[in-house]
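So this one's structure-v1.txt, compact mmCIF, N, CA and C atoms:
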# COMPACT_ATOMS: atom_id res chain seq x y z
N MET A 78 222.50 15.84 -73.92
CA MET A 78 222.21 17.09 -74.59
C MET A 78 222.16 16.81 -76.08
N THR A 79 221.20 17.38 -76.75
CA THR A 79 221.05 17.14 -78.18
C THR A 79 221.72 18.25 -78.97
N ALA A 80 222.13 17.91 -80.14
CA ALA A 80 222.78 18.89 -81.01
C ALA A 80 221.73 19.76 -81.69
N SER A 81 222.06 21.01 -81.91
CA SER A 81 221.13 21.91 -82.57
C SER A 81 221.23 21.72 -84.09
N ALA A 82 220.29 22.34 -84.80
CA ALA A 82 220.31 22.26 -86.25
C ALA A 82 221.58 22.91 -86.80
N HIS A 83 222.06 23.95 -86.12
CA HIS A 83 223.28 24.62 -86.56
C HIS A 83 224.49 23.68 -86.50
N GLU A 84 224.54 22.85 -85.46
CA GLU A 84 225.65 21.91 -85.32
C GLU A 84 225.63 20.83 -86.39
N TYR A 85 224.48 20.55 -86.94
CA TYR A 85 224.37 19.56 -88.01
C TYR A 85 224.59 20.20 -89.38
N GLY A 86 224.77 21.49 -89.42
CA GLY A 86 225.03 22.15 -90.68
C GLY A 86 223.80 22.40 -91.51
N THR A 87 222.65 22.48 -90.88
CA THR A 87 221.43 22.74 -91.62
C THR A 87 220.71 23.92 -90.97
N ASP A 88 219.99 24.68 -91.74
CA ASP A 88 219.27 25.83 -91.22
C ASP A 88 217.81 25.50 -90.93
N ARG A 89 217.42 24.25 -91.14
CA ARG A 89 216.02 23.87 -90.91
C ARG A 89 215.74 23.77 -89.41
N ALA A 90 214.58 24.20 -89.02
CA ALA A 90 214.15 24.05 -87.63
C ALA A 90 213.78 22.59 -87.39
N PHE A 91 213.93 22.15 -86.16
CA PHE A 91 213.59 20.77 -85.81
C PHE A 91 212.09 20.57 -85.93
N VAL A 92 211.69 19.51 -86.57
CA VAL A 92 210.28 19.14 -86.67
C VAL A 92 210.14 17.79 -86.01
N ASP A 93 209.24 17.71 -85.05
CA ASP A 93 209.01 16.47 -84.32
C ASP A 93 208.45 15.42 -85.27
N PRO A 94 209.17 14.31 -85.48
CA PRO A 94 208.67 13.29 -86.40
C PRO A 94 207.43 12.58 -85.88
N TYR A 95 207.15 12.69 -84.57
CA TYR A 95 205.99 12.02 -84.00
C TYR A 95 204.74 12.90 -84.01
N ALA A 96 204.87 14.15 -84.37
CA ALA A 96 203.70 15.03 -84.46
C ALA A 96 202.99 14.74 -85.77
N LEU A 97 201.80 14.18 -85.69
CA LEU A 97 201.10 13.73 -86.89
C LEU A 97 200.65 14.88 -87.78
N ASP A 98 200.53 16.08 -87.21
CA ASP A 98 200.11 17.20 -88.04
C ASP A 98 201.28 17.80 -88.80
N GLY A 99 202.51 17.33 -88.50
CA GLY A 99 203.68 17.79 -89.25
C GLY A 99 204.26 19.10 -88.78
N SER A 100 203.58 19.81 -87.89
CA SER A 100 204.09 21.10 -87.47
C SER A 100 205.15 20.99 -86.40
N GLY A 101 205.09 19.95 -85.60
CA GLY A 101 206.03 19.79 -84.51
C GLY A 101 205.68 20.63 -83.31
N PHE A 102 204.51 21.27 -83.31
CA PHE A 102 204.12 22.12 -82.20
C PHE A 102 202.83 21.61 -81.57
N GLY A 103 202.91 21.23 -80.30
CA GLY A 103 201.72 20.89 -79.53
C GLY A 103 200.98 19.65 -79.98
N ASP A 104 199.87 19.43 -79.32
CA ASP A 104 199.02 18.29 -79.62
C ASP A 104 197.97 18.70 -80.64
N TYR A 105 197.32 17.71 -81.18
CA TYR A 105 196.19 18.01 -82.05
C TYR A 105 195.04 17.11 -81.66
N GLN A 106 193.85 17.56 -81.93
CA GLN A 106 192.66 16.84 -81.54
C GLN A 106 192.40 15.68 -82.48
N LEU A 107 192.07 14.53 -81.91
CA LEU A 107 191.64 13.40 -82.73
C LEU A 107 190.21 13.64 -83.18
N THR A 108 189.91 13.19 -84.36
CA THR A 108 188.53 13.32 -84.82
C THR A 108 187.66 12.31 -84.07
N PRO A 109 186.42 12.66 -83.80
CA PRO A 109 185.55 11.71 -83.09
C PRO A 109 185.28 10.49 -83.96
N PRO A 110 185.07 9.34 -83.33
CA PRO A 110 184.81 8.13 -84.12
C PRO A 110 183.49 8.23 -84.85
N ARG A 111 183.45 7.60 -85.98
CA ARG A 111 182.21 7.57 -86.77
C ARG A 111 181.34 6.43 -86.24
N PRO A 112 180.09 6.70 -85.91
CA PRO A 112 179.24 5.65 -85.34
C PRO A 112 179.16 4.40 -86.20
N GLY A 113 179.18 4.53 -87.50
CA GLY A 113 179.09 3.37 -88.38
C GLY A 113 180.32 2.49 -88.35
N GLU A 114 181.46 3.01 -87.89
CA GLU A 114 182.70 2.25 -87.86
C GLU A 114 183.00 1.64 -86.49
N ARG A 115 182.15 1.92 -85.53
CA ARG A 115 182.36 1.37 -84.18
C ARG A 115 182.07 -0.12 -84.17
N LEU A 116 182.80 -0.84 -83.35
CA LEU A 116 182.58 -2.27 -83.19
C LEU A 116 181.39 -2.49 -82.28
N ASP A 117 180.61 -3.49 -82.59
CA ASP A 117 179.43 -3.80 -81.78
C ASP A 117 179.84 -4.80 -80.70
N ILE A 118 180.59 -4.30 -79.71
CA ILE A 118 181.08 -5.15 -78.63
C ILE A 118 180.64 -4.55 -77.31
N THR A 119 180.15 -5.39 -76.43
CA THR A 119 179.81 -4.93 -75.09
C THR A 119 180.83 -5.49 -74.11
N ILE A 120 181.13 -4.72 -73.10
CA ILE A 120 182.08 -5.15 -72.08
C ILE A 120 181.29 -5.67 -70.89
N ASP A 121 181.70 -6.80 -70.39
CA ASP A 121 181.08 -7.38 -69.21
C ASP A 121 181.16 -6.37 -68.06
N PRO A 122 180.09 -6.23 -67.27
CA PRO A 122 180.12 -5.25 -66.18
C PRO A 122 181.31 -5.42 -65.22
N GLN A 123 181.67 -6.66 -64.94
CA GLN A 123 182.82 -6.88 -64.05
C GLN A 123 184.11 -6.39 -64.69
N ASP A 124 184.28 -6.60 -66.00
CA ASP A 124 185.46 -6.10 -66.71
C ASP A 124 185.48 -4.57 -66.73
N ARG A 125 184.31 -3.97 -66.92
CA ARG A 125 184.21 -2.50 -66.91
C ARG A 125 184.60 -1.95 -65.54
N ARG A 126 184.09 -2.60 -64.47
CA ARG A 126 184.45 -2.15 -63.12
C ARG A 126 185.94 -2.32 -62.88
N ARG A 127 186.53 -3.38 -63.40
CA ARG A 127 187.97 -3.59 -63.25
C ARG A 127 188.76 -2.47 -63.93
N LEU A 128 188.37 -2.12 -65.15
CA LEU A 128 189.03 -1.02 -65.86
C LEU A 128 188.85 0.31 -65.13
N GLU A 129 187.64 0.55 -64.64
CA GLU A 129 187.37 1.79 -63.93
C GLU A 129 188.16 1.87 -62.63
N LEU A 130 188.32 0.73 -61.94
CA LEU A 130 189.09 0.70 -60.71
C LEU A 130 190.57 0.95 -60.98
N HIS A 131 191.09 0.34 -62.04
CA HIS A 131 192.48 0.60 -62.45
C HIS A 131 192.67 2.10 -62.72
N ALA A 132 191.74 2.69 -63.46
CA ALA A 132 191.84 4.12 -63.79
C ALA A 132 191.76 4.98 -62.54
N ALA A 133 190.85 4.65 -61.62
CA ALA A 133 190.70 5.43 -60.39
C ALA A 133 191.95 5.33 -59.52
N LEU A 134 192.52 4.14 -59.41
CA LEU A 134 193.75 3.97 -58.63
C LEU A 134 194.89 4.78 -59.24
N THR A 135 195.03 4.70 -60.54
CA THR A 135 196.11 5.42 -61.22
C THR A 135 195.93 6.92 -61.08
N ALA A 136 194.69 7.41 -61.23
CA ALA A 136 194.42 8.84 -61.09
C ALA A 136 194.70 9.32 -59.67
N ALA A 137 194.53 8.45 -58.68
CA ALA A 137 194.78 8.81 -57.29
C ALA A 137 196.26 8.70 -56.94
N GLY A 138 197.09 8.35 -57.93
CA GLY A 138 198.53 8.24 -57.68
C GLY A 138 198.94 6.91 -57.09
N ILE A 139 198.09 5.90 -57.26
CA ILE A 139 198.37 4.56 -56.74
C ILE A 139 198.38 3.59 -57.93
N PRO A 140 199.49 3.51 -58.67
CA PRO A 140 199.50 2.61 -59.81
C PRO A 140 199.41 1.15 -59.36
N PRO A 141 198.45 0.40 -59.89
CA PRO A 141 198.31 -0.99 -59.48
C PRO A 141 199.54 -1.81 -59.86
N LEU A 142 199.98 -2.62 -58.94
CA LEU A 142 201.11 -3.51 -59.18
C LEU A 142 200.59 -4.86 -59.64
N PRO A 143 201.43 -5.67 -60.28
CA PRO A 143 200.97 -6.99 -60.73
C PRO A 143 200.41 -7.84 -59.59
N GLU A 144 200.98 -7.74 -58.41
CA GLU A 144 200.48 -8.55 -57.30
C GLU A 144 199.15 -8.04 -56.75
N ASP A 145 198.68 -6.89 -57.21
CA ASP A 145 197.38 -6.35 -56.81
C ASP A 145 196.24 -6.91 -57.65
N ARG A 146 196.56 -7.69 -58.64
CA ARG A 146 195.54 -8.16 -59.58
C ARG A 146 194.42 -8.94 -58.92
N GLU A 147 194.77 -9.83 -57.98
CA GLU A 147 193.73 -10.63 -57.33
C GLU A 147 192.78 -9.74 -56.53
N ALA A 148 193.32 -8.77 -55.81
CA ALA A 148 192.47 -7.86 -55.03
C ALA A 148 191.56 -7.06 -55.96
N ILE A 149 192.11 -6.58 -57.06
CA ILE A 149 191.29 -5.80 -58.01
C ILE A 149 190.22 -6.68 -58.63
N ASP A 150 190.56 -7.92 -58.95
CA ASP A 150 189.57 -8.85 -59.51
C ASP A 150 188.43 -9.10 -58.52
N ARG A 151 188.79 -9.30 -57.26
CA ARG A 151 187.75 -9.57 -56.25
C ARG A 151 186.89 -8.34 -56.00
N LEU A 152 187.51 -7.15 -55.96
CA LEU A 152 186.73 -5.93 -55.79
C LEU A 152 185.81 -5.69 -56.99
N SER A 153 186.27 -6.04 -58.18
CA SER A 153 185.48 -5.85 -59.39
C SER A 153 184.29 -6.80 -59.45
N ALA A 154 184.38 -7.91 -58.72
CA ALA A 154 183.28 -8.88 -58.71
C ALA A 154 182.15 -8.42 -57.79
N LEU A 155 182.42 -7.44 -56.92
CA LEU A 155 181.37 -6.92 -56.03
C LEU A 155 180.36 -6.11 -56.84
N PRO A 156 179.17 -5.88 -56.29
CA PRO A 156 178.16 -5.11 -57.02
C PRO A 156 178.66 -3.72 -57.42
N GLY A 157 178.06 -3.15 -58.44
CA GLY A 157 178.48 -1.88 -59.00
C GLY A 157 178.45 -0.73 -58.01
N ASN A 158 177.46 -0.73 -57.09
CA ASN A 158 177.37 0.37 -56.14
C ASN A 158 178.56 0.36 -55.17
N ILE A 159 179.07 -0.80 -54.82
CA ILE A 159 180.25 -0.88 -53.96
C ILE A 159 181.47 -0.39 -54.71
N ASN A 160 181.58 -0.79 -55.96
CA ASN A 160 182.71 -0.35 -56.78
C ASN A 160 182.69 1.16 -56.97
N SER A 161 181.50 1.73 -57.16
CA SER A 161 181.37 3.19 -57.30
C SER A 161 181.80 3.90 -56.02
N THR A 162 181.47 3.31 -54.87
CA THR A 162 181.86 3.90 -53.59
C THR A 162 183.38 3.90 -53.45
N ILE A 163 184.02 2.80 -53.81
CA ILE A 163 185.48 2.72 -53.74
C ILE A 163 186.11 3.77 -54.65
N GLN A 164 185.57 3.92 -55.85
CA GLN A 164 186.10 4.92 -56.78
C GLN A 164 185.90 6.34 -56.24
N ARG A 165 184.76 6.58 -55.58
CA ARG A 165 184.50 7.89 -54.99
C ARG A 165 185.51 8.17 -53.88
N TRP A 166 185.81 7.16 -53.06
CA TRP A 166 186.80 7.33 -52.00
C TRP A 166 188.15 7.68 -52.59
N LEU A 167 188.52 7.00 -53.67
CA LEU A 167 189.81 7.28 -54.31
C LEU A 167 189.84 8.68 -54.90
N ALA A 168 188.74 9.11 -55.48
CA ALA A 168 188.67 10.45 -56.07
C ALA A 168 188.84 11.53 -54.98
N HIS A 169 188.29 11.28 -53.80
CA HIS A 169 188.42 12.24 -52.70
C HIS A 169 189.81 12.20 -52.08
N ALA A 170 190.56 11.15 -52.35
CA ALA A 170 191.92 11.04 -51.80
C ALA A 170 192.88 11.98 -52.53
N LEU A 171 192.45 12.50 -53.68
CA LEU A 171 193.32 13.41 -54.43
C LEU A 171 193.42 14.66 -53.68

Just give me the structure as structure tokens.
Amino acid sequence: MTASAHEYGTDRAFVDPYALDGSGFGDYQLTPPRPGERLDITIDPQDRRRLELHAALTAAGIPPLPEDREAIDRLSALPGNINSTIQRWLAHAL
């Protein structure tokens, strides 16, 4: 249990130090990236499929374990249409 501001002898309301807007209330929207500041990097299709598969598994409530890495790598090496089908199956599992 945390102490209140009254217990610390101060009348100030608690302000979340991690809230970047300084208000301590809710989230705030990040500004969109500026096109001129973006890095000119392309991701290999297999790496993109691997990231998408990780995201789909996590969204379906199946967090990938370290020992799942080989299976995810092999699935990511399959053609994109197969990977899309696997992701669709996971999305329907929700």

In Å, rounded to a single decimal, give me how far atom CA of Leu167 of chain A is from atom CA of Thr135 of chain A.
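Interatomic distance, atom CA of Thr135 of chain A to atom CA of Leu167 of chain A: 9.5 Å.
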
So what do you get for atom CA of His169 of chain A versus atom CA of Ile149 of chain A, distance-wise?
19.0 Å

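You will find atom N of Ile139 of chain A at 26.8 Å from atom N of Leu107 of chain A.
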
Spatial neighbours of segment 108-125 of chain A, 6.5 Å, all atoms listed in the file, chain gap at least 5 places, as a ChimeraX atom specification
/A:130,153-154

If you keep N, CA and C atoms, can you produce a file of those selected residues as a PDB file, in the frame of the given file?
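So selection24.pdb came out as:
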ATOM      1  N   LEU A 130     188.320   0.730 -61.940  1.00  0.00           N
ATOM      2  CA  LEU A 130     189.090   0.700 -60.710  1.00  0.00           C
ATOM      3  C   LEU A 130     190.570   0.950 -60.980  1.00  0.00           C
ATOM      4  N   SER A 153     186.270  -6.040 -58.180  1.00  0.00           N
ATOM      5  CA  SER A 153     185.480  -5.850 -59.390  1.00  0.00           C
ATOM      6  C   SER A 153     184.290  -6.800 -59.450  1.00  0.00           C
ATOM      7  N   ALA A 154     184.380  -7.910 -58.720  1.00  0.00           N
ATOM      8  CA  ALA A 154     183.280  -8.880 -58.710  1.00  0.00           C
ATOM      9  C   ALA A 154     182.150  -8.420 -57.790  1.00  0.00           C
TER      10      ALA A 154
END

How big is the axis-aligned box, and where does its centre sit, when it encloses all atoms of segment 133-146 of chain A listed in the file and has 5 Å added on every side, reported in Å to one decimal as AutoDock Vina command-line options?
--center_x 196.1 --center_y 0.2 --center_z -59.2 --size_x 20.7 --size_y 28.3 --size_z 14.9
